[in-house]
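*Asks:* Structure incoming, see below.
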Amino acid sequence: MNRPLAKGLLSALAVIIALIWAFPVYWMVSSSFIPTAILQSFIPTFFPLNGTVSNYTGAIADGSFFSALGMSVAITLTVVLFCIVFAFLAAAAISRFRFRGRRSFVIAVLIVQMLPAEGLFIAQYKMVSSVHLLDSVVGVSVIYIAAVVPFTIWMLRGFVAGVPVDLEEAAMVDGLSRFGAFMRITFPLLAPGLVASGVYAFLQAWNEFTVALVLLPSEAAQTLPLWLRGFVQASATRETDWGQVMAASTLVAVPVIIFFLIVQGRLTSGLVSGAVKG
Amino acid sequence: MSADALTRVNNRRGIRAPHLLLIPAIAILVLGMGYPVIWQIVTSFQEYGLKQQFGQAPSFVGLDNYITLATDPQLWVVVGKSLAFCLITAFVTLGLGTLLALLMSAVTTTARLVLQVALLLAWSMPVVSAMTVWIWLFDRRRGAINYLLDMVPGVDMNRFDWLSTPFTFLLVASIIVVWMSVPFVSFSVYAGLTQVSDEVMEAAQLDGATGWQRFWGIILPMIRPVISIVLLLQLIWDLRVFTQIKLLQDAGSKSGDYDLLGTYIYKLGTSAQDFGMASAVSILVLGITIALSWFYIRSLLKEDVA
C-alpha cells in the first residue's frame with residue numbers, strides 16, 4: 001500500500017475514534033438543551049435543534065444548587081490556598097537544601113500520595129466526627145489538603161529545581177539576603193508552577209466524591225458532586241428527567257473542563273516525568 | 001544544580017531553616033493521613049461494631065478480624081472480582097492507550113489534534129458528571145447504546161438491562177473506567193514516542209525492518225519505562241475504584257453481588273457499622289497498594305537524585 005494512502009486511511013480512523021471518544025461529552029451538552037418532551041421519546045435526539053435553556057432553569061430552581069456551589073467554592077478555595085502555601089514551603093526546602101531527614105520526607109510524601117481515600121475513609125470519618133466537624137468546610141478540607149499536598153510538593157519541587165541556584169547567589173553577592181534573593185529572583189519564576197499546582201488542587205477538591213460522601217452526610221452541606229448524585233436520585237423516583245439531569249451534569253463539568261485544559265500538559269509530565277525524560 | 005552549590009548554601013545558613021519550612025506540610029499530613037492510618041491499623045485488631053458505636057469501649061481481639069476475613073468466602077469472591085476487574089481494565093486501558101498513541105504519531109497533524117482534543121474532553125470530565133452521562137447512555141429504555149445496537153441487523157437489544165447481572169454491570173463499569181483512563185495513557189505514551197529518534201527509525205527502515213519489527217525491536221524497548229509506570233498507576237487506580245461502582249449501584253442494584261472492594265468496605269462501615277472488620281479490609285487494600293506502588297516510588301526517587 002502506498003504511504004500517502006495509508007496515512008489518509010489512518011487519519012480517517014483517528015477522526016472516527018475521536019468522534020466516538022468525545023460522544024459522551026457531546027451527548028451531555030447537547031441533551032441539556034433539548035426540551036424534556038422530546039427526550040421522553042424512545043428515539044434518541046442526536047442534535048439539539050430547537051434548543052432551550054429550560055433544563056438549566058429547572059435544575060437550579062430549588063436553590064440547593066447554589067448552596068452546593070457555595071460549599072464547593074468554599075472547600076476548593078481553602079484547599080487551593082493551603083496547598084499552594086504548604087507545598088511551596090516544602091518544595092523550597094527539599095530542592096534548595098540537603099539536610100538530615102530529607103530523603104525520609106521525600107519517601108513519606110511519595111507513599112502518602114499513593115494511599116487511597118477508599119482505604120481510609122472509615123478512619124477519617126471517625127476522626128472528623130469525634131471533633132464534631134462532620135458537614136463542615138474545615139473537616140473535609142483537612143483531609144483534602146493532606147491528600148493533595150504530596151503531589152503538589154512533587155510538582156513544585158521540579159519547578160524550584162528548574163531555577164538555577166546561581167541566579168540567587170548572584171543576587172546575594174549584590175547584597176540581598178538569602179530569603180530576599182529567593183523571593184525576588186526565584187519566586188517570580190515559579191508563577192507557572194504555582195498556577196499549575198493550584199489548578200491541580202482545584203480539580204481534586206472540586207471533583208472529589210468518596211470523602212465528601214462520608215464526611216458531609218447532611219443535605220445542607222453537600223458539595224456539587226454530591227448534589228448532582230442527589231439530583232439524579234431524586235429525579236429517578238419519578239420518571240428521570242434526563243434533560244435536567246444532563247443540564248445539572250454540565251453545570252458541574254464546565255469549570256473543570258476549562259481549568260483542566262490549562263494544566264493538562266503539566267499533569268502528564270508530573271506523573272511520569274522520570275520515565276518520559278528518557 | 002550542582003551538589004557543590006548546595007553544600008555552600010547549607011553551610012552558610014545552618015541546618016534549621018529547611019526543617020521549619022517542612023512543618024506545615026508535615027503537620028497536615030500527620031493529621032489528615034498519618035493519624036487515620038494508625039487509627040485504622042489499631043482498630044483492625046479490635047472488636048468495633050454496633051455496641052462500640054453506642055459507647056462501649058472497643059476491646060482488643062488480636063487477629064480475630066483478620067481470621068474472620070480470611071475464612072469468609074464472600075470476601076474472597078469480592079477480592080477475586082476486584083483483582084479481575086483491576087487487571088482486565090488496566091491492561092485493556094494500556095493496550096488501547098498505546099494503540100491510540102501510535103495512531104497519533106502516524107497520522108496528519110490535523111487528525112492528531114482532533115484526536116487529542118477529543119481525548120482531553122473525556123479526560124477532563126468530572127467523574128460524577130461522566131457517570132451520569134454513561135448511565136443514561138446505557139439506560140434500558142431510552143439509552144442511546146441500546147438504540148444504536150438494536151439497529152444492527154439480527155441484534156435484539158431492545159430494553160436490555162445492562163445493570164441487571166453482575167457480569168454486564170462490571171462490564172459497563174470497566175468500559176467507563178477505560179474511557180476515562182485511556183487519555184492519560186495515550187498522552188504519556190505519545191510523549192514517550194516523541195523521544196524515539198527519527199534517525200534510528202529511518203535507519204531501521206532502510207535496513208528493511210517491517211513496521212511490526214520496528215515496533216517490537218525499537219519502539220517498545222524505548223518506551224518501556226513509560227509503559228511500566230503507566231500500567232502501575234492504572235493497576236493502583238483500578239483496584240481502588242469506588243465512585244463508579246457506587247454510582248452504578250445507585251442506578252442498578254445495591255446487592256452484594258455487585259460489590260468490589262471499595263463498596264464492600266463502605267457497606268461494612270456504614271450499613272453494618274462494623275469498623276473493626278472494615279478497617280481490616282482497608283488494611284488489605286492499603287497493603288496491596290503500597291506493595292504495587294513501591295516500584296513507582298523507586299522510579300520517582302531516582303529522578304529526585306538526578
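Residues are named by chain letter and number: chains run A, B, ... in the order of the C-alpha cells, numbers start at 1 in each chain, and ligands are numbered from 1 in the order shown.
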Could you pull the residues within 8 Å of range 283-290 of chain B, counting only C-alpha atoms, minus those fewer than 3 positions along the same chain, as a list in words?

*Replies:*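 Returned residues: Ile111, Met114, Leu115, Pro116 and Gly119 of chain A; Gln40, Ile41, Ser44, Ile236, Arg240, Leu261, Ser279, Ala280, Ser293 and Trp294 of chain B.
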
*Asks:* Set the distance at 8 Å and use only C-alpha atoms: which residues neighbour range 157-164 of chain B once local chain neighbours fewer than 5 positions away are removed? I'd like the list as a list in words.

*Replies:*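 My reading of the contact set: Phe138, Asp139, Arg140, Arg141, Asn146, Tyr147, Leu149, Asp150, Phe169, Val172, Leu248, Ala251, Gly252 and Ser253 of chain B.
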
*Asks:* Since we have the selection now, will you write its residues out, keeping N, CA and C atoms, as a PDB file, in the first residue's frame?

*Replies:*
```
ATOM      1  N   PHE B 138     -26.411   4.021  28.809  1.00  0.00           N
ATOM      2  CA  PHE B 138     -26.717   2.595  28.970  1.00  0.00           C
ATOM      3  C   PHE B 138     -28.126   2.358  29.504  1.00  0.00           C
ATOM      4  N   ASP B 139     -28.924   3.408  29.579  1.00  0.00           N
ATOM      5  CA  ASP B 139     -30.268   3.259  30.124  1.00  0.00           C
ATOM      6  C   ASP B 139     -31.058   2.227  29.323  1.00  0.00           C
ATOM      7  N   ARG B 140     -31.865   1.452  30.084  1.00  0.00           N
ATOM      8  CA  ARG B 140     -32.576   0.328  29.499  1.00  0.00           C
ATOM      9  C   ARG B 140     -33.525   0.767  28.373  1.00  0.00           C
ATOM     10  N   ARG B 141     -34.297   1.791  28.656  1.00  0.00           N
ATOM     11  CA  ARG B 141     -35.340   2.145  27.690  1.00  0.00           C
ATOM     12  C   ARG B 141     -34.960   3.279  26.755  1.00  0.00           C
ATOM     13  N   ASN B 146     -28.422   1.119  23.604  1.00  0.00           N
ATOM     14  CA  ASN B 146     -29.374   0.084  23.206  1.00  0.00           C
ATOM     15  C   ASN B 146     -30.019   0.427  21.867  1.00  0.00           C
ATOM     16  N   TYR B 147     -30.315   1.709  21.673  1.00  0.00           N
ATOM     17  CA  TYR B 147     -30.950   2.141  20.428  1.00  0.00           C
ATOM     18  C   TYR B 147     -30.046   1.851  19.234  1.00  0.00           C
ATOM     19  N   LEU B 149     -27.361  -0.245  19.110  1.00  0.00           N
ATOM     20  CA  LEU B 149     -27.097  -1.679  18.949  1.00  0.00           C
ATOM     21  C   LEU B 149     -28.297  -2.372  18.325  1.00  0.00           C
ATOM     22  N   ASP B 150     -29.480  -1.915  18.679  1.00  0.00           N
ATOM     23  CA  ASP B 150     -30.691  -2.524  18.163  1.00  0.00           C
ATOM     24  C   ASP B 150     -30.828  -2.345  16.649  1.00  0.00           C
ATOM     25  N   PHE B 169     -22.945  -5.585  34.528  1.00  0.00           N
ATOM     26  CA  PHE B 169     -22.739  -4.426  35.417  1.00  0.00           C
ATOM     27  C   PHE B 169     -21.258  -4.048  35.458  1.00  0.00           C
ATOM     28  N   VAL B 172     -19.953  -2.751  32.120  1.00  0.00           N
ATOM     29  CA  VAL B 172     -20.251  -1.327  31.932  1.00  0.00           C
ATOM     30  C   VAL B 172     -19.261  -0.487  32.734  1.00  0.00           C
ATOM     31  N   LEU B 248     -23.080   3.449  39.881  1.00  0.00           N
ATOM     32  CA  LEU B 248     -23.803   2.448  39.092  1.00  0.00           C
ATOM     33  C   LEU B 248     -24.769   1.685  39.991  1.00  0.00           C
ATOM     34  N   ALA B 251     -27.939   3.410  40.320  1.00  0.00           N
ATOM     35  CA  ALA B 251     -28.823   3.274  39.162  1.00  0.00           C
ATOM     36  C   ALA B 251     -29.329   1.849  39.013  1.00  0.00           C
ATOM     37  N   GLY B 252     -28.562   0.882  39.535  1.00  0.00           N
ATOM     38  CA  GLY B 252     -28.961  -0.505  39.353  1.00  0.00           C
ATOM     39  C   GLY B 252     -29.253  -1.155  40.685  1.00  0.00           C
ATOM     40  N   SER B 253     -28.518  -2.234  40.991  1.00  0.00           N
ATOM     41  CA  SER B 253     -28.802  -2.980  42.205  1.00  0.00           C
ATOM     42  C   SER B 253     -27.736  -2.716  43.253  1.00  0.00           C
TER      43      SER B 253
END
```

*Asks:* Counting only C-alpha atoms, a student should be able to say which residues of chain A come within 7 Å of chain B; what is the right answer, written as a PDB file with C-alpha atoms, in the first residue's frame?

*Replies:*
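New file result00.pdb:
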```pdb
ATOM      1  CA  LYS A   7      -1.695   7.911   6.162  1.00  0.00           C
ATOM      2  CA  LEU A  10      -5.237   6.103   9.425  1.00  0.00           C
ATOM      3  CA  SER A  11      -6.145   9.778   9.722  1.00  0.00           C
ATOM      4  CA  ALA A  14      -8.238   8.693  14.093  1.00  0.00           C
ATOM      5  CA  VAL A  15     -11.064  11.135  13.422  1.00  0.00           C
ATOM      6  CA  ALA A  18     -12.099  10.957  18.209  1.00  0.00           C
ATOM      7  CA  TRP A  21     -14.454   9.258  22.406  1.00  0.00           C
ATOM      8  CA  ALA A  22     -15.968  12.728  22.534  1.00  0.00           C
ATOM      9  CA  PRO A  24     -20.481  11.150  25.760  1.00  0.00           C
ATOM     10  CA  VAL A  25     -19.359  14.726  26.389  1.00  0.00           C
ATOM     11  CA  MET A  28     -24.316  15.539  27.812  1.00  0.00           C
ATOM     12  CA  PHE A  42     -37.820   6.378  22.750  1.00  0.00           C
ATOM     13  CA  PRO A  44     -32.733   9.465  20.796  1.00  0.00           C
ATOM     14  CA  PHE A  86       2.342  24.395  52.305  1.00  0.00           C
ATOM     15  CA  ALA A  87       3.645  22.796  49.126  1.00  0.00           C
ATOM     16  CA  LEU A  89       7.442  25.924  51.542  1.00  0.00           C
ATOM     17  CA  ALA A  90       8.145  22.193  51.455  1.00  0.00           C
ATOM     18  CA  ALA A  93      13.081  23.084  51.444  1.00  0.00           C
ATOM     19  CA  ARG A  96      17.185  24.145  47.879  1.00  0.00           C
ATOM     20  CA  PHE A  97      18.645  22.293  50.883  1.00  0.00           C
ATOM     21  CA  ARG A  98      20.285  19.000  51.656  1.00  0.00           C
ATOM     22  CA  PHE A  99      19.502  18.159  55.264  1.00  0.00           C
ATOM     23  CA  LEU A 110       5.553   9.676  47.732  1.00  0.00           C
ATOM     24  CA  MET A 114      -0.429   6.647  46.790  1.00  0.00           C
ATOM     25  CA  LEU A 115      -2.687   5.990  49.806  1.00  0.00           C
ATOM     26  CA  PRO A 116      -6.253   5.674  48.550  1.00  0.00           C
ATOM     27  CA  GLU A 118     -11.044   4.337  49.527  1.00  0.00           C
ATOM     28  CA  GLY A 119      -8.927   2.563  52.138  1.00  0.00           C
ATOM     29  CA  LEU A 120      -9.033   5.318  54.751  1.00  0.00           C
ATOM     30  CA  ILE A 122     -13.655   4.833  57.898  1.00  0.00           C
ATOM     31  CA  ALA A 123     -10.826   6.263  59.995  1.00  0.00           C
ATOM     32  CA  GLN A 124     -11.264   9.734  58.534  1.00  0.00           C
ATOM     33  CA  VAL A 142      -8.087  18.992  56.187  1.00  0.00           C
ATOM     34  CA  ILE A 143      -8.469  15.580  54.548  1.00  0.00           C
ATOM     35  CA  ALA A 146      -3.437  16.123  53.175  1.00  0.00           C
ATOM     36  CA  PRO A 164      19.389  27.791  38.839  1.00  0.00           C
ATOM     37  CA  VAL A 165      20.620  28.445  42.352  1.00  0.00           C
ATOM     38  CA  ASN A 207     -14.362  16.637  41.740  1.00  0.00           C
ATOM     39  CA  PHE A 209     -16.685  12.261  45.722  1.00  0.00           C
ATOM     40  CA  THR A 210     -15.728   9.482  48.150  1.00  0.00           C
ATOM     41  CA  PRO A 225     -20.716  16.144  43.059  1.00  0.00           C
ATOM     42  CA  SER A 249     -24.152  17.466  34.965  1.00  0.00           C
ATOM     43  CA  VAL A 252     -20.693  20.665  37.370  1.00  0.00           C
ATOM     44  CA  ALA A 253     -18.389  19.799  34.456  1.00  0.00           C
ATOM     45  CA  VAL A 256     -13.472  21.629  35.383  1.00  0.00           C
ATOM     46  CA  ILE A 257     -13.075  21.211  31.636  1.00  0.00           C
ATOM     47  CA  PHE A 260      -8.202  21.108  33.043  1.00  0.00           C
ATOM     48  CA  THR A 268       1.049  14.198  32.369  1.00  0.00           C
ATOM     49  CA  VAL A 272       5.542  10.157  34.599  1.00  0.00           C
ATOM     50  CA  GLY A 274      11.215  10.490  35.166  1.00  0.00           C
ATOM     51  CA  ALA A 275      10.154   7.921  32.630  1.00  0.00           C
ATOM     52  CA  VAL A 276       9.420  10.277  29.760  1.00  0.00           C
TER      53      VAL A 276
END
```

*Asks:* May I ask for the distance between CA of Glu202 in chain B and CA of Leu13 in chain A, given in Å to one decimal place?

*Replies:* 24.6 Å

*Asks:* Assign secondary structure with DSSP using the backbone only, and return the residues of range 21-185 of chain B in helix (DSSP H, G or I) as a ChimeraX atom specification.

*Replies:* /B:21-43,50-53,64-70,73-106,109-124,127-137,144-151,162-164,166-185

*Asks:* So how far away is CA of Ile20 in chain A from CA of Ala6 in chain A, in Å?

*Replies:* 21.2 Å

*Asks:* What's the 12 Å shell around Glu239 in chain A, counting only C-alpha atoms, without same-chain residues fewer than 6 positions away, as a list in words?

*Replies:*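 Those residues are Thr36, Ala37, Leu39, Gln40, Val232, Gln233 and Val245 of chain A; Arg141 and Arg142 of chain B.
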
*Asks:* How would the residues just picked look written out with N, CA and C atoms as a CSV table (one decimal), in the first residue's frame?

*Replies:*
```
chain,number,residue,atom,x,y,z
A,36,THR,N,-37.6,18.5,27.5
A,36,THR,CA,-37.9,17.2,28.1
A,36,THR,C,-38.9,16.4,27.3
A,37,ALA,N,-39.9,17.1,26.7
A,37,ALA,CA,-40.9,16.4,26.0
A,37,ALA,C,-40.3,15.6,24.8
A,39,LEU,N,-37.1,14.5,24.7
A,39,LEU,CA,-36.2,13.5,25.2
A,39,LEU,C,-37.0,12.3,25.7
A,40,GLN,N,-38.3,12.5,26.1
A,40,GLN,CA,-39.1,11.4,26.6
A,40,GLN,C,-39.4,10.3,25.5
A,232,VAL,N,-29.8,13.3,40.6
A,232,VAL,CA,-30.2,12.1,39.8
A,232,VAL,C,-31.1,11.2,40.5
A,233,GLN,N,-30.8,11.0,41.8
A,233,GLN,CA,-31.6,10.0,42.6
A,233,GLN,C,-33.0,10.6,42.8
A,245,VAL,N,-31.2,16.5,34.3
A,245,VAL,CA,-30.0,15.8,34.8
A,245,VAL,C,-28.8,16.1,34.0
B,141,ARG,N,-34.3,1.8,28.7
B,141,ARG,CA,-35.3,2.1,27.7
B,141,ARG,C,-35.0,3.3,26.8
B,142,ARG,N,-34.3,4.3,27.3
B,142,ARG,CA,-34.1,5.5,26.5
B,142,ARG,C,-32.6,5.7,26.2
```

*Asks:* Return as an NGL selection string the full set of residues in range 34-87 of chain B whose backbone-based DSSP assignment is strand (DSSP E).

*Replies:* :B and (46-47 or 59-60)

*Asks:* What does the distance from CA of Trp242 in chain A to CA of Asp259 in chain B come to in Å, to one decimal?

*Replies:* 26.4 Å

*Asks:* Got a sec: who's within 7 Å of range 86-96 of chain B, counting only C-alpha atoms, leaving out chain neighbours fewer than 3 positions off, as an MDAnalysis selection string?

*Replies:* chainID B and resid 82:83 99:100 174 178 181:182 185 231 234:235 238:239

*Asks:* Keeping only N, CA and C atoms, take the residues you just selected and write them out as a PDB file, in the first residue's frame.

*Replies:*
```pdb
ATOM      1  N   SER B  82     -12.473  -8.006  42.333  1.00  0.00           N
ATOM      2  CA  SER B  82     -11.745  -6.739  42.258  1.00  0.00           C
ATOM      3  C   SER B  82     -10.454  -6.910  41.483  1.00  0.00           C
ATOM      4  N   LEU B  83      -9.733  -8.002  41.777  1.00  0.00           N
ATOM      5  CA  LEU B  83      -8.467  -8.213  41.079  1.00  0.00           C
ATOM      6  C   LEU B  83      -8.706  -8.431  39.594  1.00  0.00           C
ATOM      7  N   LEU B  99      -2.163   1.931  21.523  1.00  0.00           N
ATOM      8  CA  LEU B  99      -2.562   1.946  20.112  1.00  0.00           C
ATOM      9  C   LEU B  99      -2.905   3.362  19.650  1.00  0.00           C
ATOM     10  N   LEU B 100      -3.648   4.084  20.488  1.00  0.00           N
ATOM     11  CA  LEU B 100      -4.017   5.449  20.099  1.00  0.00           C
ATOM     12  C   LEU B 100      -2.784   6.345  20.021  1.00  0.00           C
ATOM     13  N   SER B 174     -16.311  -1.242  33.641  1.00  0.00           N
ATOM     14  CA  SER B 174     -14.997  -1.343  33.034  1.00  0.00           C
ATOM     15  C   SER B 174     -14.901  -0.455  31.788  1.00  0.00           C
ATOM     16  N   VAL B 178     -12.267   2.543  31.406  1.00  0.00           N
ATOM     17  CA  VAL B 178     -11.341   2.575  30.263  1.00  0.00           C
ATOM     18  C   VAL B 178     -11.479   3.898  29.517  1.00  0.00           C
ATOM     19  N   SER B 181      -9.730   6.563  31.432  1.00  0.00           N
ATOM     20  CA  SER B 181      -8.291   6.437  31.711  1.00  0.00           C
ATOM     21  C   SER B 181      -7.425   6.423  30.464  1.00  0.00           C
ATOM     22  N   VAL B 182      -7.988   6.020  29.324  1.00  0.00           N
ATOM     23  CA  VAL B 182      -7.177   5.922  28.108  1.00  0.00           C
ATOM     24  C   VAL B 182      -6.473   7.247  27.751  1.00  0.00           C
ATOM     25  N   VAL B 185      -3.134   7.583  29.451  1.00  0.00           N
ATOM     26  CA  VAL B 185      -2.165   6.627  28.916  1.00  0.00           C
ATOM     27  C   VAL B 185      -1.679   7.085  27.543  1.00  0.00           C
ATOM     28  N   LEU B 231       1.192   1.582  33.489  1.00  0.00           N
ATOM     29  CA  LEU B 231       0.460   0.372  33.848  1.00  0.00           C
ATOM     30  C   LEU B 231       0.306   0.264  35.360  1.00  0.00           C
ATOM     31  N   GLN B 234      -2.295   2.614  36.598  1.00  0.00           N
ATOM     32  CA  GLN B 234      -3.629   2.115  36.254  1.00  0.00           C
ATOM     33  C   GLN B 234      -4.053   1.009  37.212  1.00  0.00           C
ATOM     34  N   LEU B 235      -3.137   0.080  37.498  1.00  0.00           N
ATOM     35  CA  LEU B 235      -3.465  -1.027  38.402  1.00  0.00           C
ATOM     36  C   LEU B 235      -3.882  -0.479  39.764  1.00  0.00           C
ATOM     37  N   ASP B 238      -7.275   1.338  39.447  1.00  0.00           N
ATOM     38  CA  ASP B 238      -8.419   0.474  39.163  1.00  0.00           C
ATOM     39  C   ASP B 238      -8.744  -0.448  40.332  1.00  0.00           C
ATOM     40  N   LEU B 239      -7.764  -0.681  41.191  1.00  0.00           N
ATOM     41  CA  LEU B 239      -8.021  -1.526  42.359  1.00  0.00           C
ATOM     42  C   LEU B 239      -8.917  -0.800  43.349  1.00  0.00           C
TER      43      LEU B 239
END
```

*Asks:* Name the residues in contact with range 127-138 of chain A at a cut-off of 6 Å, using only C-alpha atoms, excluding same-chain residues fewer than 3 positions from it; report them as a list in words.

*Replies:*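 After dropping sequence-adjacent residues, the list is Ile75, Gln124, Ser141, Leu215, Leu216 and Ala221 of chain A.
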
*Asks:* Report as number ranges by chain all protein, DNA and RNA residues lying within 10 Å of Tyr144 in chain A, evaluated on only C-alpha atoms, omitting residues in the same chain fewer than 4 positions from it.

*Replies:* A: 75-76, 78-80, 83, 117, 138-140, 148-149, 201, 204-205, 208, 211-212; B: 28, 32-33

*Asks:* Tell me which protein, DNA and RNA residues are within 9 Å of Gly158 in chain A, counting only C-alpha atoms, leaving out same-chain ones fewer than 6 positions away, and put them as a ChimeraX atom specification.

*Replies:* /A:91,95,193,270 /B:304
